[in-house]
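**Student:** Coordinates in my_file-v5.pdb, PDB, C-alpha atoms and all ligand atoms, are listed below.
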ATOM      1  CA  MET A  62     -12.818   4.879 -10.069  1.00  0.00           C
ATOM      2  CA  ALA A  63     -10.923   2.320  -7.974  1.00  0.00           C
ATOM      3  CA  LEU A  64      -7.919   3.072  -5.848  1.00  0.00           C
ATOM      4  CA  GLU A  65      -4.655   2.804  -7.765  1.00  0.00           C
ATOM      5  CA  ILE A  66      -1.248   2.388  -6.168  1.00  0.00           C
ATOM      6  CA  THR A  67       1.917   2.907  -8.175  1.00  0.00           C
ATOM      7  CA  VAL A  68       5.495   2.179  -7.157  1.00  0.00           C
ATOM      8  CA  HIS A  69       7.751   4.257  -9.394  1.00  0.00           C
ATOM      9  CA  GLU A  70      10.519   1.868 -10.392  1.00  0.00           C
ATOM     10  CA  GLN A  71      13.052   4.587 -11.125  1.00  0.00           C
ATOM     11  CA  SER A  72      12.767   5.796  -7.523  1.00  0.00           C
ATOM     12  CA  CYS A  73      12.380   2.542  -5.571  1.00  0.00           C
ATOM     13  CA  ARG A  74      15.537   1.359  -3.750  1.00  0.00           C
ATOM     14  CA  GLY A  75      14.180  -2.038  -2.817  1.00  0.00           C
ATOM     15  CA  CYS A  76      14.539  -1.358   0.913  1.00  0.00           C
ATOM     16  CA  GLU A  77      11.291  -3.264   1.692  1.00  0.00           C
ATOM     17  CA  LEU A  78      10.150  -0.779   4.342  1.00  0.00           C
ATOM     18  CA  CYS A  79       6.772  -0.553   2.626  1.00  0.00           C
ATOM     19  CA  ILE A  80       6.415  -4.343   2.684  1.00  0.00           C
ATOM     20  CA  ASP A  81       7.184  -4.431   6.399  1.00  0.00           C
ATOM     21  CA  ILE A  82       4.881  -1.589   7.404  1.00  0.00           C
ATOM     22  CA  CYS A  83       1.781  -2.269   5.304  1.00  0.00           C
ATOM     23  CA  PRO A  84      -0.825  -3.822   7.639  1.00  0.00           C
ATOM     24  CA  THR A  85      -2.700  -5.557   4.835  1.00  0.00           C
ATOM     25  CA  LYS A  86       0.253  -6.889   2.786  1.00  0.00           C
ATOM     26  CA  VAL A  87      -0.379  -4.872  -0.345  1.00  0.00           C
ATOM     27  CA  PHE A  88       3.246  -5.019  -1.512  1.00  0.00           C
ATOM     28  CA  THR A  89       5.528  -7.840  -2.521  1.00  0.00           C
ATOM     29  CA  ARG A  90       9.131  -8.070  -3.628  1.00  0.00           C
ATOM     30  CA  ASP A  91      10.059  -8.560  -7.282  1.00  0.00           C
ATOM     31  CA  GLU A  92      13.200 -10.650  -6.974  1.00  0.00           C
ATOM     32  CA  GLU A  93      14.180 -10.168 -10.590  1.00  0.00           C
ATOM     33  CA  LYS A  94      14.064  -6.362 -10.480  1.00  0.00           C
ATOM     34  CA  ARG A  95      15.034  -6.225  -6.797  1.00  0.00           C
ATOM     35  CA  LEU A  96      12.245  -3.744  -6.160  1.00  0.00           C
ATOM     36  CA  CYS A  97       8.880  -3.841  -4.472  1.00  0.00           C
ATOM     37  CA  THR A  98       5.662  -4.027  -6.466  1.00  0.00           C
ATOM     38  CA  VAL A  99       1.960  -3.768  -5.779  1.00  0.00           C
ATOM     39  CA  ALA A 100       0.401  -7.204  -5.383  1.00  0.00           C
ATOM     40  CA  HIS A 101      -2.984  -6.481  -3.768  1.00  0.00           C
ATOM     41  CA  ALA A 102      -4.113  -2.896  -4.275  1.00  0.00           C
ATOM     42  CA  GLU A 103      -7.672  -3.952  -3.440  1.00  0.00           C
ATOM     43  CA  ASP A 104      -6.610  -4.632   0.180  1.00  0.00           C
ATOM     44  CA  CYS A 105      -5.342  -1.099   0.825  1.00  0.00           C
ATOM     45  CA  ILE A 106      -7.057   0.576   3.779  1.00  0.00           C
ATOM     46  CA  ALA A 107      -5.675   4.046   2.993  1.00  0.00           C
ATOM     47  CA  CYS A 108      -3.509   4.406   6.096  1.00  0.00           C
ATOM     48  CA  LEU A 109      -0.684   5.963   4.024  1.00  0.00           C
ATOM     49  CA  SER A 110       2.011   4.415   6.248  1.00  0.00           C
ATOM     50  CA  CYS A 111       3.873   3.265   3.138  1.00  0.00           C
ATOM     51  CA  THR A 112       3.960   6.743   1.628  1.00  0.00           C
ATOM     52  CA  TYR A 113       5.157   8.175   4.917  1.00  0.00           C
ATOM     53  CA  ILE A 114       7.959   5.668   5.431  1.00  0.00           C
ATOM     54  CA  CYS A 115       9.268   5.332   1.857  1.00  0.00           C
ATOM     55  CA  PRO A 116      12.673   7.063   1.769  1.00  0.00           C
ATOM     56  CA  SER A 117      12.402   7.714  -1.974  1.00  0.00           C
ATOM     57  CA  GLY A 118       8.874   9.054  -2.290  1.00  0.00           C
ATOM     58  CA  ALA A 119       8.292   6.229  -4.755  1.00  0.00           C
ATOM     59  CA  ILE A 120       4.723   5.301  -3.808  1.00  0.00           C
ATOM     60  CA  GLU A 121       1.758   7.114  -5.289  1.00  0.00           C
ATOM     61  CA  HIS A 122      -1.924   6.586  -4.511  1.00  0.00           C
ATOM     62  CA  ARG A 123      -4.681   7.716  -6.858  1.00  0.00           C
ATOM     63  CA  ASP A 124      -8.327   8.094  -5.896  1.00  0.00           C
ATOM     64  CA  ILE A 125      -7.603   7.325  -2.245  1.00  0.00           C
ATOM     65  CA  HIS A 126     -10.192   8.224   0.408  1.00  0.00           C
ATOM     66  CA  LEU A 127      -8.258   9.720   3.282  1.00  0.00           C
ATOM     67  CA  VAL A 128     -11.163  10.030   5.673  1.00  0.00           C
ATOM     68  CA  LYS A 129     -12.870   6.758   6.395  1.00  0.00           C
ATOM     69  CA  ASN A 130     -15.515   6.109   8.961  1.00  0.00           C
ATOM     70  CA  PHE A 131     -13.997   2.718   9.766  1.00  0.00           C
ATOM     71  CA  TYR A 132     -16.635   1.357  12.102  1.00  0.00           C
ATOM     72  CA  ARG A 133     -19.597   2.230   9.930  1.00  0.00           C
ATOM     73  CA  ASP A 134     -18.140   1.481   6.549  1.00  0.00           C
ATOM     74  CA  GLU A 135     -19.377  -1.992   5.641  1.00  0.00           C
ATOM     75  CA  GLU A 136     -16.902  -2.377   2.830  1.00  0.00           C
ATOM     76  CA  PHE A 137     -14.015  -1.586   5.180  1.00  0.00           C
ATOM     77  CA  CYS A 138     -15.281  -4.015   7.837  1.00  0.00           C
ATOM     78  CA  ARG A 139     -15.572  -6.759   5.223  1.00  0.00           C
ATOM     79  CA  LYS A 140     -11.979  -6.161   4.088  1.00  0.00           C
ATOM     80  CA  MET A 141     -10.571  -6.059   7.610  1.00  0.00           C
ATOM     81  CA  GLY A 142     -12.416  -9.233   8.596  1.00  0.00           C
ATOM     82  CA  ARG A 143      -9.958 -11.157   6.440  1.00  0.00           C
ATOM     83  CA  PHE A 144      -7.030  -9.970   8.543  1.00  0.00           C
ATOM     84  CA  LEU A 145      -8.447 -10.424  12.046  1.00  0.00           C
TER      85      LEU A 145
HETATM   86  S1  LIG B 201       9.737   1.802   0.849  1.00  0.00           S
HETATM   87 FE1  LIG B 201       9.952   2.901  -1.115  1.00  0.00          FE
HETATM   88  S2  LIG B 201      12.085   2.562  -1.718  1.00  0.00           S
HETATM   89 FE2  LIG B 201      11.597   1.036  -0.136  1.00  0.00          FE
HETATM   90  S3  LIG B 201      10.941  -0.794  -1.298  1.00  0.00           S
HETATM   91 FE3  LIG B 201       9.093   0.397  -0.812  1.00  0.00          FE
HETATM   92  S4  LIG B 201       8.734   1.736  -2.597  1.00  0.00           S
HETATM   93 FE4  LIG B 201      10.840   0.974  -2.720  1.00  0.00          FE
HETATM   94  S1  LIG B 202      -1.790   3.077   2.456  1.00  0.00           S
HETATM   95 FE1  LIG B 202      -1.533   1.596   4.170  1.00  0.00          FE
HETATM   96  S2  LIG B 202      -2.760  -0.164   3.568  1.00  0.00           S
HETATM   97 FE2  LIG B 202      -2.476   1.065   1.725  1.00  0.00          FE
HETATM   98  S3  LIG B 202      -0.678   0.204   0.723  1.00  0.00           S
HETATM   99 FE3  LIG B 202       0.063   1.850   2.055  1.00  0.00          FE
HETATM  100  S4  LIG B 202       0.587   0.897   4.045  1.00  0.00           S
HETATM  101 FE4  LIG B 202      -0.671  -0.564   2.849  1.00  0.00          FE
END
Would you mind giving the structure from this file in structure tokens?

**Tutor:**
Amino acid sequence: MALEITVHEQSCRGCELCIDICPTKVFTRDEEKRLCTVAHAEDCIACLSCTYICPSGAIEHRDIHLVKNFYRDEEFCRKMGRFL
């Protein structure tokens, strides 16, 4: 099962803290709803900074792998190569 990230619309305040803190630009702003949404869940590196900083507890991750061996995980290295 692939990682799923959900932003609960009823909780999101549109503060954009998650957009600012995410190192891999997973989130984007929905101008119409004035909330943030998930644009690139596949780029998530499971740092959980967004969950930590969100003042509303609006961000939920499913099937996230909290312990990653970053330097030996080929899939992770491939993903991060795009941001270096
Ligand atoms: S940090 Fe939380 S409240 Fe702020 S925009 Fe992101 S999901 Fe919404
Ligand atoms: S866990 Fe980290 S990489 Fe994943 S969406 Fe949140 S801030 Fe971005």

**Student:** Let me know the centre plus edge lengths, in Å and rounded to one decimal, of a box with edges along x, y and z that contains all listed atoms of ligand LIG 201 (chain B) and is padded by 5 Å on every side, as JSON.

**Tutor:**
{"center_x": 10.4, "center_y": 1.1, "center_z": -0.9, "size_x": 13.4, "size_y": 13.7, "size_z": 13.6}

**Student:** Can you tell me which residues surround segment 93-103 of chain A at a distance of at most 10 Å, considering all atoms listed in the file, apart from same-chain residues fewer than 5 positions away, and format the answer as a ChimeraX atom specification?

**Tutor:** /A:63-80,85-88,120,122,140

**Student:** Output the selection as a JSON list (two decimals), keeping the file's coordinate frame - C-alpha atoms for each residue.

**Tutor:**
[["chain", "number", "residue", "atom", "x", "y", "z"],
["A", 63, "ALA", "CA", -10.92, 2.32, -7.97],
["A", 64, "LEU", "CA", -7.92, 3.07, -5.85],
["A", 65, "GLU", "CA", -4.66, 2.80, -7.76],
["A", 66, "ILE", "CA", -1.25, 2.39, -6.17],
["A", 67, "THR", "CA", 1.92, 2.91, -8.18],
["A", 68, "VAL", "CA", 5.50, 2.18, -7.16],
["A", 69, "HIS", "CA", 7.75, 4.26, -9.39],
["A", 70, "GLU", "CA", 10.52, 1.87, -10.39],
["A", 71, "GLN", "CA", 13.05, 4.59, -11.12],
["A", 72, "SER", "CA", 12.77, 5.80, -7.52],
["A", 73, "CYS", "CA", 12.38, 2.54, -5.57],
["A", 74, "ARG", "CA", 15.54, 1.36, -3.75],
["A", 75, "GLY", "CA", 14.18, -2.04, -2.82],
["A", 76, "CYS", "CA", 14.54, -1.36, 0.91],
["A", 77, "GLU", "CA", 11.29, -3.26, 1.69],
["A", 78, "LEU", "CA", 10.15, -0.78, 4.34],
["A", 79, "CYS", "CA", 6.77, -0.55, 2.63],
["A", 80, "ILE", "CA", 6.42, -4.34, 2.68],
["A", 85, "THR", "CA", -2.70, -5.56, 4.84],
["A", 86, "LYS", "CA", 0.25, -6.89, 2.79],
["A", 87, "VAL", "CA", -0.38, -4.87, -0.34],
["A", 88, "PHE", "CA", 3.25, -5.02, -1.51],
["A", 120, "ILE", "CA", 4.72, 5.30, -3.81],
["A", 122, "HIS", "CA", -1.92, 6.59, -4.51],
["A", 140, "LYS", "CA", -11.98, -6.16, 4.09]]

**Student:** Please report the interatomic distance between atom CA of Glu92 of chain A and atom S1 of ligand LIG 201 (chain B) in Å with one decimal.

**Tutor:**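 Separation between atom CA of Glu92 of chain A and atom S1 of ligand LIG 201 (chain B): 15.1 Å.
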
**Student:** Tell me, in Å to one decimal, how far atom CA of Thr112 of chain A is from atom CA of Glu135 of chain A.

**Tutor:**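 So the answer is 25.2 Å.
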
**Student:** Do you have the atom CA of Asp104 of chain A-atom S2 of ligand LIG 201 (chain B) distance handy?

**Tutor:**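 Atom CA of Asp104 of chain A sits 20.1 Å away from atom S2 of ligand LIG 201 (chain B).
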
**Student:** Which of these residues is nearest to ligand LIG 202 (chain B), using only C-alpha atoms and all ligand atoms: A:Asp91, A:Asp81, A:Cys105, A:Asp124?

**Tutor:** A:Cys105

**Student:** When you count all atoms listed in the file, which of these residues is closest to Ile106 of chain A: A:Thr89, A:Ala119, A:Pro84, A:Gly142?

**Tutor:**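 For Ile106 of chain A, the nearest of the candidates is A:Pro84.
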
**Student:** Given all atoms listed in the file as the basis, pick out the residue of A:Ile114, A:Arg139, A:Glu121, A:Cys83 nearest to ligand LIG 202 (chain B).

**Tutor:** A:Cys83

**Student:** Counting all atoms listed in the file, which residue out of A:Ile82, A:Ser110, A:Cys115, A:Arg90 sits closest to ligand LIG 201 (chain B)?

**Tutor:**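 Of the candidates, the smallest distance to ligand LIG 201 (chain B) is held by A:Cys115.
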
**Student:** For ligand LIG 202 (chain B), which of A:Cys138, A:Cys111, A:His126, A:Ser117 is the closest residue, counting all atoms listed in the file?

**Tutor:**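 The closest residue to ligand LIG 202 (chain B) is A:Cys111.
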